[in-house]
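Shown next, in structure tokens, is the structure this report addresses.
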Amino acid sequence: MSDQPNNLPERPDTPCVAVCSTTFDEICRGCGRTYVEVAHWVSMSAPEKERVWQRITAQGYPRRNT
């Protein structure tokens, strides 16, 4: 049985790709999350994380080669 509530898609624990940079704005160039989303990721609910996942994947993130 999956531990994903509400039939959410299977995702890695985090979109982090270890290419962390918010040098030019508040969006990480590697994962596409805001610095606030990165800071609060561990306390976010599964549906909140899924909303972030949907936004960043639609924007072409995560990116390993920036």
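Here, A, B, ... name the chains of the structure tokens in the order displayed, residue numbers run from 1 inside each chain, and ligands are numbered from 1 in the same displayed order.
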Looking only at alpha helix (DSSP H) from DSSP on the backbone, list the matching residues of chain A as an MDAnalysis selection string. chainID A and resid 35:40 46:58
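If you count only C-alpha atoms and ignore residues fewer than 5 places along the chain from A:Ala39, what sits within 12 Å of it is Thr14, Cys16, Glu26, Cys28, Arg33, Thr34 and Met44 of chain A.
If only C-alpha atoms are the atoms counted, then among A:Val17, A:Val52, A:Val42, A:Ile27 the closest residue to A:Arg64 is A:Val17.
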Excluding A:Thr57 and residues on its chain fewer than 3 positions from it, collect all residues at most 12 Å away from it, counting only C-alpha atoms, and give them as a PyMOL selection string. chain A and resi 11+15+30-33+50-54+60-63
